[in-house]
$ cat structure-v4.pdb   # PDB, C-alpha atoms
MODEL        1
ATOM      1  CA  MET A   1      92.960  75.342 105.553
ATOM      2  CA  GLU A   2      89.571  74.223 106.757
ATOM      3  CA  ILE A   3      87.583  76.236 109.306
ATOM      4  CA  ARG A   4      87.147  73.095 111.383
ATOM      5  CA  VAL A   5      90.919  72.544 111.600
ATOM      6  CA  LEU A   6      91.500  76.180 112.538
ATOM      7  CA  GLU A   7      89.029  75.712 115.393
ATOM      8  CA  TYR A   8      91.067  72.711 116.579
ATOM      9  CA  PHE A   9      94.281  74.739 116.314
ATOM     10  CA  LEU A  10      92.847  77.634 118.356
ATOM     11  CA  ALA A  11      91.544  75.259 121.019
ATOM     12  CA  VAL A  12      95.023  73.731 121.466
ATOM     13  CA  ALA A  13      96.630  77.208 121.483
ATOM     14  CA  ARG A  14      94.180  78.301 124.161
ATOM     15  CA  GLU A  15      94.464  75.201 126.357
ATOM     16  CA  GLU A  16      98.228  74.736 125.755
ATOM     17  CA  ASN A  17      97.518  71.026 125.913
ATOM     18  CA  ILE A  18      96.202  68.628 123.250
ATOM     19  CA  THR A  19      94.399  66.343 125.719
ATOM     20  CA  ALA A  20      92.571  69.269 127.344
ATOM     21  CA  ALA A  21      91.647  70.707 123.933
ATOM     22  CA  ALA A  22      90.360  67.311 122.770
ATOM     23  CA  ALA A  23      88.182  67.017 125.872
ATOM     24  CA  ARG A  24      86.740  70.514 125.307
ATOM     25  CA  LEU A  25      86.007  69.676 121.664
ATOM     26  CA  HIS A  26      84.636  66.208 122.544
ATOM     27  CA  LEU A  27      87.161  64.560 120.213
ATOM     28  CA  SER A  28      89.908  62.015 120.709
ATOM     29  CA  GLN A  29      93.475  63.124 121.349
ATOM     30  CA  PRO A  30      94.827  61.192 118.303
ATOM     31  CA  THR A  31      92.311  62.961 116.047
ATOM     32  CA  ILE A  32      93.486  66.412 117.173
ATOM     33  CA  SER A  33      97.157  65.423 116.934
ATOM     34  CA  ARG A  34      96.694  64.130 113.397
ATOM     35  CA  GLN A  35      94.890  67.262 112.260
ATOM     36  CA  LEU A  36      97.590  69.509 113.708
ATOM     37  CA  LYS A  37     100.337  67.496 112.060
ATOM     38  CA  GLU A  38      98.551  67.737 108.699
ATOM     39  CA  LEU A  39      98.144  71.491 109.203
ATOM     40  CA  GLU A  40     101.876  71.904 109.851
ATOM     41  CA  GLU A  41     102.637  69.808 106.750
ATOM     42  CA  GLU A  42     100.258  71.903 104.659
ATOM     43  CA  LEU A  43     101.919  75.145 105.775
ATOM     44  CA  GLY A  44     105.435  73.752 105.781
ATOM     45  CA  LYS A  45     106.083  75.299 109.194
ATOM     46  CA  GLN A  46     106.238  74.106 112.793
ATOM     47  CA  LEU A  47     103.393  75.701 114.722
ATOM     48  CA  PHE A  48     103.949  74.269 118.197
ATOM     49  CA  ILE A  49     106.843  73.560 120.538
ATOM     50  CA  ARG A  50     105.775  70.450 122.415
ATOM     51  CA  GLY A  51     107.033  70.446 125.984
ATOM     52  CA  SER A  52     106.576  67.904 128.765
ATOM     53  CA  LYS A  53     103.885  69.960 130.530
ATOM     54  CA  LYS A  54     102.455  72.291 127.936
ATOM     55  CA  ILE A  55     102.524  73.241 124.280
ATOM     56  CA  GLU A  56     103.777  76.655 123.195
ATOM     57  CA  LEU A  57     103.313  78.443 119.885
ATOM     58  CA  THR A  58     106.222  79.150 117.577
ATOM     59  CA  PRO A  59     106.369  82.632 115.941
ATOM     60  CA  GLU A  60     104.572  81.136 112.944
ATOM     61  CA  GLY A  61     102.006  79.640 115.300
ATOM     62  CA  ARG A  62     101.358  83.020 116.910
ATOM     63  CA  LEU A  63     100.807  84.563 113.491
ATOM     64  CA  LEU A  64      98.408  81.779 112.522
ATOM     65  CA  ARG A  65      96.504  82.222 115.817
ATOM     66  CA  ARG A  66      95.888  85.872 115.010
ATOM     67  CA  ARG A  67      94.858  85.162 111.424
ATOM     68  CA  ALA A  68      92.730  82.166 112.426
ATOM     69  CA  GLN A  69      90.797  84.299 114.916
ATOM     70  CA  GLU A  70      90.136  86.857 112.186
ATOM     71  CA  MET A  71      89.057  84.170 109.700
ATOM     72  CA  LEU A  72      86.668  82.526 112.156
ATOM     73  CA  GLN A  73      85.131  85.880 113.082
ATOM     74  CA  LEU A  74      84.641  86.674 109.409
ATOM     75  CA  ALA A  75      83.171  83.236 108.720
ATOM     76  CA  GLU A  76      80.679  83.607 111.583
ATOM     77  CA  LYS A  77      79.758  87.132 110.455
ATOM     78  CA  THR A  78      79.209  85.893 106.883
ATOM     79  CA  LYS A  79      77.072  82.982 108.098
ATOM     80  CA  ARG A  80      74.788  85.302 110.070
ATOM     81  CA  GLU A  81      74.438  87.719 107.154
ATOM     82  CA  ILE A  82      73.561  85.024 104.609
ATOM     83  CA  ALA A  83      71.096  83.373 106.988
ATOM     84  CA  ALA A  84      69.266  86.659 107.609
ATOM     85  CA  ASP A  85      65.610  86.814 106.542
ATOM     86  CA  ASP A  86      65.286  88.823 103.308
ATOM     87  CA  ALA A  87      62.100  90.467 104.542
ATOM     88  CA  GLN A  88      63.587  91.732 107.790
ATOM     89  CA  ILE A  89      66.685  93.872 108.328
ATOM     90  CA  ARG A  90      68.492  92.416 111.294
ATOM     91  CA  GLY A  91      72.003  91.529 112.347
ATOM     92  CA  ASP A  92      75.190  93.094 113.621
ATOM     93  CA  VAL A  93      77.043  96.173 112.414
ATOM     94  CA  TYR A  94      80.676  96.586 113.424
ATOM     95  CA  ILE A  95      82.277 100.022 113.622
ATOM     96  CA  GLY A  96      85.954 100.712 114.240
ATOM     97  CA  ALA A  97      86.550 104.111 115.780
ATOM     98  CA  CYS A  98      89.474 106.220 116.840
ATOM     99  CA  GLU A  99      88.964 108.489 119.831
ATOM    100  CA  THR A 100      86.833 111.418 118.726
ATOM    101  CA  ASP A 101      83.777 113.153 120.116
ATOM    102  CA  GLY A 102      82.473 113.023 116.548
ATOM    103  CA  ILE A 103      81.563 109.369 117.071
ATOM    104  CA  ARG A 104      78.219 110.716 118.298
ATOM    105  CA  LEU A 105      77.314 111.380 114.632
ATOM    106  CA  LEU A 106      77.606 107.625 114.109
ATOM    107  CA  THR A 107      75.768 106.694 117.280
ATOM    108  CA  ASP A 108      72.942 109.148 116.512
ATOM    109  CA  ALA A 109      72.563 107.560 113.066
ATOM    110  CA  ALA A 110      72.668 104.093 114.661
ATOM    111  CA  LYS A 111      69.844 105.086 116.982
ATOM    112  CA  ARG A 112      67.727 106.201 114.020
ATOM    113  CA  VAL A 113      68.396 102.918 112.202
ATOM    114  CA  GLN A 114      67.517 100.905 115.285
ATOM    115  CA  ALA A 115      64.245 102.815 115.661
ATOM    116  CA  LYS A 116      63.277 101.544 112.182
ATOM    117  CA  HIS A 117      64.880  98.107 112.530
ATOM    118  CA  PRO A 118      64.902  97.037 116.202
ATOM    119  CA  GLU A 119      66.790  93.794 115.503
ATOM    120  CA  VAL A 120      69.918  95.549 114.245
ATOM    121  CA  ARG A 121      72.730  95.619 116.819
ATOM    122  CA  PHE A 122      75.735  97.918 116.785
ATOM    123  CA  HIS A 123      79.241  97.201 118.065
ATOM    124  CA  ILE A 124      81.956  99.841 118.388
ATOM    125  CA  ILE A 125      85.582  98.697 118.577
ATOM    126  CA  SER A 126      88.020 101.379 119.734
ATOM    127  CA  GLY A 127      91.467 101.778 118.231
ATOM    128  CA  ASP A 128      93.824 104.193 116.548
ATOM    129  CA  ASP A 129      93.789 104.885 112.809
ATOM    130  CA  THR A 130      96.184 102.021 112.062
ATOM    131  CA  SER A 131      94.155  99.369 113.891
ATOM    132  CA  VAL A 132      90.890 100.651 112.377
ATOM    133  CA  GLU A 133      92.371 100.356 108.884
ATOM    134  CA  GLU A 134      93.694  96.860 109.648
ATOM    135  CA  MET A 135      90.226  95.749 110.771
ATOM    136  CA  LEU A 136      88.717  97.197 107.589
ATOM    137  CA  GLU A 137      91.332  95.459 105.465
ATOM    138  CA  HIS A 138      90.394  92.088 106.988
ATOM    139  CA  GLU A 139      86.665  92.960 106.837
ATOM    140  CA  LEU A 140      86.232  92.558 110.585
ATOM    141  CA  ILE A 141      84.337  95.864 110.657
ATOM    142  CA  ASP A 142      81.891  97.470 108.234
ATOM    143  CA  LEU A 143      83.080 101.050 108.485
ATOM    144  CA  GLY A 144      85.620 103.081 110.389
ATOM    145  CA  ALA A 145      86.095 106.536 111.880
ATOM    146  CA  VAL A 146      89.617 107.921 111.504
ATOM    147  CA  LEU A 147      91.253 111.307 111.910
ATOM    148  CA  ASP A 148      92.770 113.634 109.347
ATOM    149  CA  ARG A 149      94.295 111.267 106.783
ATOM    150  CA  VAL A 150      92.610 108.938 104.270
ATOM    151  CA  ASP A 151      94.108 106.720 101.579
ATOM    152  CA  TYR A 152      91.537 107.377  98.839
ATOM    153  CA  ARG A 153      93.026 104.591  96.710
ATOM    154  CA  LYS A 154      91.785 102.035  99.251
ATOM    155  CA  TYR A 155      88.780 103.674 100.882
ATOM    156  CA  ASP A 156      85.526 105.371 100.000
ATOM    157  CA  THR A 157      84.317 108.038 102.420
ATOM    158  CA  ILE A 158      81.037 109.288 103.807
ATOM    159  CA  PRO A 159      81.381 113.081 104.102
ATOM    160  CA  VAL A 160      80.815 114.455 107.596
ATOM    161  CA  ASP A 161      81.354 117.978 108.819
ATOM    162  CA  TYR A 162      83.130 117.466 112.103
ATOM    163  CA  GLU A 163      86.496 118.594 113.439
ATOM    164  CA  ASP A 164      88.141 117.878 116.787
ATOM    165  CA  ARG A 165      90.006 120.518 118.758
ATOM    166  CA  TRP A 166      93.341 119.651 120.375
ATOM    167  CA  GLY A 167      94.447 120.512 123.869
ATOM    168  CA  VAL A 168      96.345 119.251 126.888
ATOM    169  CA  LEU A 169      95.263 117.243 129.927
ATOM    170  CA  MET A 170      97.221 118.139 133.057
ATOM    171  CA  PRO A 171      97.056 118.041 136.865
ATOM    172  CA  THR A 172      95.160 120.856 138.539
ATOM    173  CA  ASP A 173      98.301 121.828 140.451
ATOM    174  CA  SER A 174     100.337 122.292 137.267
ATOM    175  CA  PRO A 175     101.617 125.863 136.701
ATOM    176  CA  LEU A 176      99.979 125.763 133.249
ATOM    177  CA  ALA A 177      96.553 124.982 134.763
ATOM    178  CA  ALA A 178      96.155 128.674 135.590
ATOM    179  CA  CYS A 179      96.112 129.502 131.857
ATOM    180  CA  THR A 180      92.809 129.540 129.965
ATOM    181  CA  THR A 181      94.527 128.358 126.763
ATOM    182  CA  LEU A 182      98.050 127.200 125.912
ATOM    183  CA  LYS A 183     100.488 127.928 123.140
ATOM    184  CA  ALA A 184     102.455 125.079 121.590
ATOM    185  CA  ALA A 185     105.682 126.692 122.860
ATOM    186  CA  ASP A 186     104.415 126.310 126.452
ATOM    187  CA  LEU A 187     104.856 122.550 126.028
ATOM    188  CA  TYR A 188     108.256 122.356 124.374
ATOM    189  CA  ASP A 189     110.104 121.765 127.647
ATOM    190  CA  LYS A 190     107.380 119.673 129.293
ATOM    191  CA  PRO A 191     107.213 115.850 129.517
ATOM    192  CA  LEU A 192     104.559 114.909 126.975
ATOM    193  CA  ILE A 193     102.303 111.873 126.622
ATOM    194  CA  VAL A 194     100.814 111.614 123.142
ATOM    195  CA  SER A 195      98.418 109.432 121.189
ATOM    196  CA  ARG A 196     100.160 106.510 119.487
ATOM    197  CA  GLN A 197      98.415 107.316 116.208
ATOM    198  CA  ILE A 198     100.163 110.690 115.811
ATOM    199  CA  LEU A 199     103.659 109.481 116.651
ATOM    200  CA  GLY A 200     105.871 109.411 113.590
ATOM    201  CA  ASN A 201     103.492 111.243 111.272
ATOM    202  CA  ALA A 202     102.689 114.798 110.246
ATOM    203  CA  VAL A 203      99.800 115.263 112.710
ATOM    204  CA  LEU A 204     102.105 115.810 115.692
ATOM    205  CA  LYS A 205     103.949 118.538 113.803
ATOM    206  CA  ILE A 206     100.637 120.116 112.792
ATOM    207  CA  VAL A 207      99.448 120.158 116.401
ATOM    208  CA  LEU A 208     102.634 121.360 118.111
ATOM    209  CA  GLY A 209     104.684 122.777 115.261
ATOM    210  CA  ARG A 210     107.537 120.360 115.972
ATOM    211  CA  GLY A 211     108.337 116.749 115.248
ATOM    212  CA  GLU A 212     108.905 114.267 118.059
ATOM    213  CA  GLU A 213     112.691 114.577 117.769
ATOM    214  CA  ARG A 214     112.406 118.130 119.126
ATOM    215  CA  LEU A 215     109.922 117.352 121.909
ATOM    216  CA  ASN A 216     110.245 115.676 125.297
ATOM    217  CA  ILE A 217     107.925 112.712 124.714
ATOM    218  CA  VAL A 218     107.918 110.417 127.751
ATOM    219  CA  GLY A 219     105.110 108.061 126.793
ATOM    220  CA  SER A 220     102.155 107.288 124.539
ATOM    221  CA  TYR A 221      98.609 105.983 124.874
ATOM    222  CA  ASN A 222      96.114 104.226 122.665
ATOM    223  CA  LEU A 223      93.044 105.556 124.498
ATOM    224  CA  LEU A 224      93.061 108.919 126.283
ATOM    225  CA  TYR A 225      91.470 107.414 129.403
ATOM    226  CA  ASN A 226      94.684 105.468 129.915
ATOM    227  CA  GLY A 227      96.641 108.613 129.129
ATOM    228  CA  SER A 228      94.729 110.397 131.873
ATOM    229  CA  GLN A 229      95.866 107.792 134.364
ATOM    230  CA  MET A 230      99.461 108.459 133.321
ATOM    231  CA  VAL A 231      98.851 112.167 133.947
ATOM    232  CA  LYS A 232      97.366 111.437 137.378
ATOM    233  CA  SER A 233     100.475 109.448 138.233
ATOM    234  CA  GLY A 234     102.629 112.457 137.408
ATOM    235  CA  LEU A 235     104.265 111.092 134.261
ATOM    236  CA  GLY A 236     103.573 114.187 132.190
ATOM    237  CA  TYR A 237     101.080 116.225 130.162
ATOM    238  CA  ALA A 238      98.753 114.339 127.787
ATOM    239  CA  LEU A 239      98.158 115.857 124.371
ATOM    240  CA  GLY A 240      94.656 114.910 123.274
ATOM    241  CA  ILE A 241      91.299 115.788 121.789
ATOM    242  CA  GLU A 242      88.626 117.858 123.515
ATOM    243  CA  GLY A 243      85.575 115.984 124.796
ATOM    244  CA  ILE A 244      87.140 112.542 125.258
ATOM    245  CA  ILE A 245      87.904 113.116 128.937
ATOM    246  CA  SER A 246      85.755 115.581 130.870
ATOM    247  CA  PRO A 247      87.650 116.362 134.075
ATOM    248  CA  GLY A 248      85.163 117.032 136.822
ATOM    249  CA  GLU A 249      85.504 118.442 140.282
ATOM    250  CA  GLY A 250      87.707 116.192 142.359
ATOM    251  CA  SER A 251      89.294 114.501 139.335
ATOM    252  CA  GLY A 252      92.593 116.289 139.895
ATOM    253  CA  LEU A 253      92.778 117.089 136.171
ATOM    254  CA  VAL A 254      92.037 120.021 133.858
ATOM    255  CA  PHE A 255      91.951 120.275 130.060
ATOM    256  CA  ARG A 256      93.236 123.341 128.242
ATOM    257  CA  LEU A 257      92.820 124.023 124.516
ATOM    258  CA  LEU A 258      95.694 125.091 122.314
ATOM    259  CA  GLU A 259      95.732 128.625 120.941
ATOM    260  CA  PRO A 260      95.793 129.330 118.027
ATOM    261  CA  GLN A 261      93.180 126.608 117.679
ATOM    262  CA  VAL A 262      94.400 123.332 116.165
ATOM    263  CA  THR A 263      91.850 120.934 114.653
ATOM    264  CA  THR A 264      91.764 117.611 112.838
ATOM    265  CA  ARG A 265      88.886 116.332 110.711
ATOM    266  CA  MET A 266      87.049 113.060 111.284
ATOM    267  CA  HIS A 267      86.467 110.816 108.253
ATOM    268  CA  LEU A 268      84.111 107.864 107.915
ATOM    269  CA  ILE A 269      85.749 105.298 105.647
ATOM    270  CA  LEU A 270      84.586 102.173 103.821
ATOM    271  CA  LYS A 271      86.729  99.557 102.116
ATOM    272  CA  LYS A 272      86.438  99.913  98.348
ATOM    273  CA  GLY A 273      84.547  97.056  96.717
ATOM    274  CA  ASN A 274      83.176  95.709 100.006
ATOM    275  CA  VAL A 275      79.760  94.037  99.956
ATOM    276  CA  PHE A 276      77.694  95.090 102.960
ATOM    277  CA  SER A 277      75.021  93.286 104.915
ATOM    278  CA  LYS A 278      71.525  94.807 104.870
ATOM    279  CA  ALA A 279      72.077  96.048 108.421
ATOM    280  CA  ALA A 280      75.367  97.763 107.587
ATOM    281  CA  GLN A 281      73.894  99.218 104.397
ATOM    282  CA  ALA A 282      71.011 100.671 106.416
ATOM    283  CA  LEU A 283      73.508 102.570 108.602
ATOM    284  CA  ILE A 284      75.509 103.731 105.572
ATOM    285  CA  ASP A 285      72.338 104.966 103.861
ATOM    286  CA  GLU A 286      71.286 106.775 107.039
ATOM    287  CA  LEU A 287      74.669 108.510 107.287
ATOM    288  CA  LYS A 288      74.652 109.490 103.617
ATOM    289  CA  GLY A 289      71.095 110.781 103.861
ATOM    290  CA  ASN A 290      72.088 113.063 106.729
ATOM    291  CA  GLU A 291      75.493 114.199 105.514
ATOM    292  CA  SER A 292      76.368 117.835 105.977
TER     293      SER A 292
ENDMDL
END
$ encode --input "structure-v4.pdb" --output "structure tokens"
Amino acid sequence: MEIRVLEYFLAVAREENITAAAARLHLSQPTISRQLKELEEELGKQLFIRGSKKIELTPEGRLLRRRAQEMLQLAEKTKREIAADDAQIRGDVYIGACETDGIRLLTDAAKRVQAKHPEVRFHIISGDDTSVEEMLEHELIDLGAVLDRVDYRKYDTIPVDYEDRWGVLMPTDSPLAACTTLKAADLYDKPLIVSRQILGNAVLKIVLGRGEERLNIVGSYNLLYNGSQMVKSGLGYALGIEGIISPGEGSGLVFRLLEPQVTTRMHLILKKGNVFSKAAQALIDELKGNES
């Protein structure tokens, strides 16, 4: 598959019309049609369902769209890195991060790197552990911040000494809001909203002492900000990490820590065998030089 053809494919998927895609690409409609047909023949799969008014993607087409976007991003990233001036450290560093207040260790290091190399830019992409690992696997990010678990067969780590404390976000008029801390048992009969990344794994049991089959879980979130909106709407109590949401006066929310204290450790992970740009290596070196 050629990059150029993938660009044509994505343009048609976006426009849902070959003529419109051809006009955007400044190419003829027959040229685009021929390239798409050859792409389908190469893959041995139908990628589009051609209707009278618009074109829709087949399941295989939707998969290719996702992979094509990743490949084009990687190609562009590689082009910028190779074209970089050897004498000057510049370029973009991509960081995938789960929700943790410990991300400030990364951003502090980024600030120090940028003070030395002003043309380095940093981009943080939020996601849970699974999405961060997927981005690392496809080399869409340079390093990732995940919680508690690491597959050391696939990833190298940069040691950091940071742990997050778990607690519960709730409405100020909740009966539990009067408590200074909460026990896990206080939540066993409550409607709970939990992070997607701890559903179905051991972390939930570590935090609350029970698996999801013995809890009243009414919903999940990917980012705690969205979980806080669910709490405000009265859907339940959001289990989360301290410092992500800071309920202020008038917010209608309070955060209470669990007692005994429950913590999870943040890990900075790198894909084994990855070759880093000078900009990404500068951040990695900065983090390793300031490890606790």
$ atom_distance --input "structure-v4.pdb" --atom1 "atom CA of Glu249 of chain A" --atom2 "atom CA of Leu176 of chain A"
17.7 Å
$ atom_distance --input "structure-v4.pdb" --atom1 "atom CA of Gln114 of chain A" --atom2 "atom CA of Gly289 of chain A"
15.5 Å
$ closest_residue --input "structure-v4.pdb" --among "A:Glu163, A:Asp101, A:Glu213, A:Asp189" --to "Thr263 of chain A" --atoms "only C-alpha atoms"
A:Glu163
$ resolve_selection --input "structure-v4.pdb" --expression "the PyMOL selection byres ((chain A and resi 195) around 6)" --output "list in words"
Val194, Arg196, Gln197, Ile198, Ser220, Tyr221 and Asn222 of chain A
$ closest_residue --input "structure-v4.pdb" --among "A:Tyr225, A:Phe122, A:Phe276, A:Trp166" --to "Ile206 of chain A" --atoms "only C-alpha atoms"
A:Trp166
$ atom_distance --input "structure-v4.pdb" --atom1 "atom CA of Ser33 of chain A" --atom2 "atom CA of Ile18 of chain A"
7.1 Å
$ resolve_selection --input "structure-v4.pdb" --expression "the PyMOL selection byres ((chain A and resi 138-153) around 6)" --output "ChimeraX atom specification"
/A:94-98,129,135-137,154-155,264-270
$ closest_residue --input "structure-v4.pdb" --among "A:Leu223, A:Leu72, A:Val132, A:Val231" --to "Glu2 of chain A" --atoms "only C-alpha atoms"
A:Leu72
$ resolve_selection --input "structure-v4.pdb" --expression "the PyMOL selection byres ((chain A and resi 1) around 9)" --output "short mmCIF file (atom, residue, chain, number, x, y, z; two decimals) with C-alpha atoms, keeping the file's coordinate frame"
data_model
loop_
_atom_site.label_atom_id
_atom_site.label_comp_id
_atom_site.auth_asym_id
_atom_site.auth_seq_id
_atom_site.Cartn_x
_atom_site.Cartn_y
_atom_site.Cartn_z
CA GLU A 2 89.57 74.22 106.76
CA ILE A 3 87.58 76.24 109.31
CA ARG A 4 87.15 73.10 111.38
CA VAL A 5 90.92 72.54 111.60
CA LEU A 6 91.50 76.18 112.54
CA LEU A 39 98.14 71.49 109.20
CA GLU A 42 100.26 71.90 104.66
CA LEU A 43 101.92 75.14 105.78
#
